[in-house]
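J.: Take this structure first; my questions come after.
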Amino acid sequence: MGASSPLLKIVLSLYLASLFAAAFTSDERIIKVSIESEVEDGRNVTIRCNFNGSLTFDVINSSNEITPIGGCDGFGKSFVNTAFLRDKYDIKAVPGGGTLTIINLDQSRYGKYNCKDAFNATSADSVIVSPEAKVKNNQGYAYTSLPFEMLIICILRAL
Ligand SMILES: *[C@@H]1O[C@H](CO)[C@@H](O)[C@H](O)[C@H]1NC(C)=O
Ligand SMILES: *[C@@H]1O[C@H](CO)[C@@H](O)[C@H](O)[C@H]1NC(C)=O
Ligand SMILES: *[C@@H]1O[C@H](CO)[C@@H](O)[C@H](O)[C@H]1NC(C)=O
Ligand SMILES: *[C@@H]1O[C@H](CO)[C@@H](O)[C@H](O)[C@H]1NC(C)=O
């Protein structure tokens with residue numbers, strides 16, 4: 001391929017640049033969820049959601065059923081939806097977001113925990129809580145897009 005494809009190389013470079021621009025200058029209203037404590041049965045496990053605005057937490061369990069847990073308004077007030085859930089979860093509003101604490105984690109609460117913009121549910125982030133998935137997908141950027149970016153880098157190098 002080499003010298004015959006300078007245009008392709010430019011196009012790919014621009015595309016790559018836009019990917020990184022999107023990753024690093026993304027708008028401030030992006031939602032980011034992380035696990036703040038060790039994931040272990042019998043412990044309180046705290047999940048932090050960074051978002052400036054009203055947010056909600058829900059969980060999808062291994063039978064793919066979704067349970068809305070509660071949330072925070074943008075003014076420092078938090079709520080857990082039902083008395084039953086209040087024994088199992090605690091939600092607090094914190095500066096720049098909210099925390100969800102799973103009280104005394106047990107197997108019945110393993111699952112995918114979502115934090116969503118209360119006014120736009122498509123704006124969301126999630127973490128998996130289970131002993132096997134301790135720290136998966138709760139670092140900086142969207143790991144799902146990484147392999148693709150790597151692929152582009154490899155193609156660029158090969159040109
Ligand atoms: C777990 O969280 C609950 C509710 O916030 C709290 O009452 C309890 O003391 C916590 N337990 C531990 C071990 O931190
Ligand atoms: C929330 O707002 C504060 C202050 O404007 C800002 O420093 C912070 O980065 C924002 N956080 C998010 C997740 O948008
Ligand atoms: C998943 O959640 C639903 C609704 O709360 C519950 O009925 C079901 O038993 C749960 N499944 C598992 C495997 O925990
Ligand atoms: C809702 O969030 C999605 C994802 O962040 C965004 O693309 C869309 O523009 C938002 N919709 C509104 C009405 O703000």
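Identifiers in this document derive from the order of the structure tokens: chains are assigned A, B, ..., residues are numbered from 1 separately in each chain, and ligands are numbered from 1 in order of occurrence.
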Which residues sit within 7 Å of ligand 1, counting only C-alpha atoms and all ligand atoms, listed as a list of chain:residue names?
T.: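 Counting only C-alpha atoms and all ligand atoms, the residues within 7 Å of ligand 1 come out as A:Arg43, A:Asn44, A:Asp90, A:Thr101, A:Ile103, A:Asn104.
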J.: Just write the chosen residues, N, CA and C atoms, as a PDB file, in the first residue's frame.
T.:
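So selection-v3.pdb came out as:
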```pdb
ATOM      1  N   ARG A  43     -20.065  -6.681  52.639  1.00  0.00           N
ATOM      2  CA  ARG A  43     -19.580  -5.305  52.793  1.00  0.00           C
ATOM      3  C   ARG A  43     -20.562  -4.324  52.197  1.00  0.00           C
ATOM      4  N   ASN A  44     -20.446  -3.080  52.641  1.00  0.00           N
ATOM      5  CA  ASN A  44     -21.132  -2.003  51.951  1.00  0.00           C
ATOM      6  C   ASN A  44     -20.325  -1.664  50.708  1.00  0.00           C
ATOM      7  N   ASP A  90     -28.612   2.730  50.128  1.00  0.00           N
ATOM      8  CA  ASP A  90     -28.606   4.090  50.653  1.00  0.00           C
ATOM      9  C   ASP A  90     -28.120   5.000  49.520  1.00  0.00           C
ATOM     10  N   THR A 101     -25.059   3.289  47.918  1.00  0.00           N
ATOM     11  CA  THR A 101     -24.401   2.263  48.733  1.00  0.00           C
ATOM     12  C   THR A 101     -25.265   1.018  48.770  1.00  0.00           C
ATOM     13  N   ILE A 103     -26.009  -1.924  50.785  1.00  0.00           N
ATOM     14  CA  ILE A 103     -25.746  -2.256  52.182  1.00  0.00           C
ATOM     15  C   ILE A 103     -25.579  -3.774  52.321  1.00  0.00           C
ATOM     16  N   ASN A 104     -24.450  -4.179  52.901  1.00  0.00           N
ATOM     17  CA  ASN A 104     -24.167  -5.607  53.083  1.00  0.00           C
ATOM     18  C   ASN A 104     -24.404  -6.411  51.805  1.00  0.00           C
TER      19      ASN A 104
END
```
J.: Give the residue list for ligand 2 at 8 Å, counting only C-alpha atoms and all ligand atoms, as a PyMOL selection string, sorted by chain and then by residue number.
T.: chain A and resi 27-32+50-52+95-97
J.: Just checking: using only C-alpha atoms, which residue out of A:Asp87, A:Asp58, A:Asp73, A:Asp106 ends up closest to A:Asp125?
T.: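 Ranked by minimum distance to A:Asp125, first place goes to A:Asp58.
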J.: Please identify every polymer residue within 9 Å of ligand 4, using only C-alpha atoms and all ligand atoms, and present the set as a VMD selection string.
T.: chain A and resid 29 to 31 117 119 to 124
J.: Just the residues within 7 Å of A:Ile128, please, counting only C-alpha atoms, with nothing from its chain fewer than 2 positions along; format it as a compact mmCIF listing (two decimals) with N, CA and C atoms, in the first residue's frame.
T.:
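Written out: around_12.txt:
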```txt
# COMPACT_ATOMS: atom_id res chain seq x y z
N GLY A 111 -25.24 -7.33 39.89
CA GLY A 111 -25.89 -6.89 38.66
C GLY A 111 -25.21 -5.71 38.03
N LYS A 112 -25.87 -5.16 37.04
CA LYS A 112 -25.34 -4.00 36.33
C LYS A 112 -26.06 -2.76 36.87
N TYR A 113 -25.29 -1.91 37.52
CA TYR A 113 -25.86 -0.71 38.12
C TYR A 113 -25.71 0.47 37.16
N SER A 126 -22.61 2.81 33.53
CA SER A 126 -22.91 1.69 34.40
C SER A 126 -21.65 0.98 34.87
N SER A 130 -20.14 -7.56 40.89
CA SER A 130 -20.11 -9.00 41.16
C SER A 130 -18.67 -9.28 41.57
N ALA A 133 -16.13 -9.15 38.77
CA ALA A 133 -15.97 -7.94 37.95
C ALA A 133 -15.58 -6.75 38.81
```
J.: All residues within 9 Å of ligand 3 are required, counting only C-alpha atoms and all ligand atoms; please report them as a PyMOL selection string.
T.: chain A and resi 59-67+107-111
J.: Take the selection from the previous step and output its residues with C-alpha atoms, as a PDB file, in the first residue's frame.
T.:
```
ATOM      1  CA  VAL A  59     -29.979  -2.237  38.633  1.00  0.00           C
ATOM      2  CA  ILE A  60     -30.395  -5.000  36.072  1.00  0.00           C
ATOM      3  CA  ASN A  61     -29.923  -8.435  37.611  1.00  0.00           C
ATOM      4  CA  SER A  62     -28.909 -11.737  36.079  1.00  0.00           C
ATOM      5  CA  SER A  63     -32.511 -12.476  35.051  1.00  0.00           C
ATOM      6  CA  ASN A  64     -32.397  -9.212  33.111  1.00  0.00           C
ATOM      7  CA  GLU A  65     -34.976  -7.549  35.332  1.00  0.00           C
ATOM      8  CA  ILE A  66     -34.619  -3.884  36.034  1.00  0.00           C
ATOM      9  CA  THR A  67     -35.229  -2.414  39.476  1.00  0.00           C
ATOM     10  CA  GLN A 107     -25.651 -12.334  45.707  1.00  0.00           C
ATOM     11  CA  SER A 108     -29.210 -11.069  45.261  1.00  0.00           C
ATOM     12  CA  ARG A 109     -27.816  -7.595  44.584  1.00  0.00           C
ATOM     13  CA  TYR A 110     -25.192  -8.517  41.984  1.00  0.00           C
ATOM     14  CA  GLY A 111     -25.895  -6.892  38.665  1.00  0.00           C
TER      15      GLY A 111
END
```
J.: Tell me, in Å to one decimal, how far atom CA of A:Pro131 is from atom CA of A:Leu55.
T.: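 So the two atoms, atom CA of A:Pro131 and atom CA of A:Leu55, lie 25.9 Å apart.
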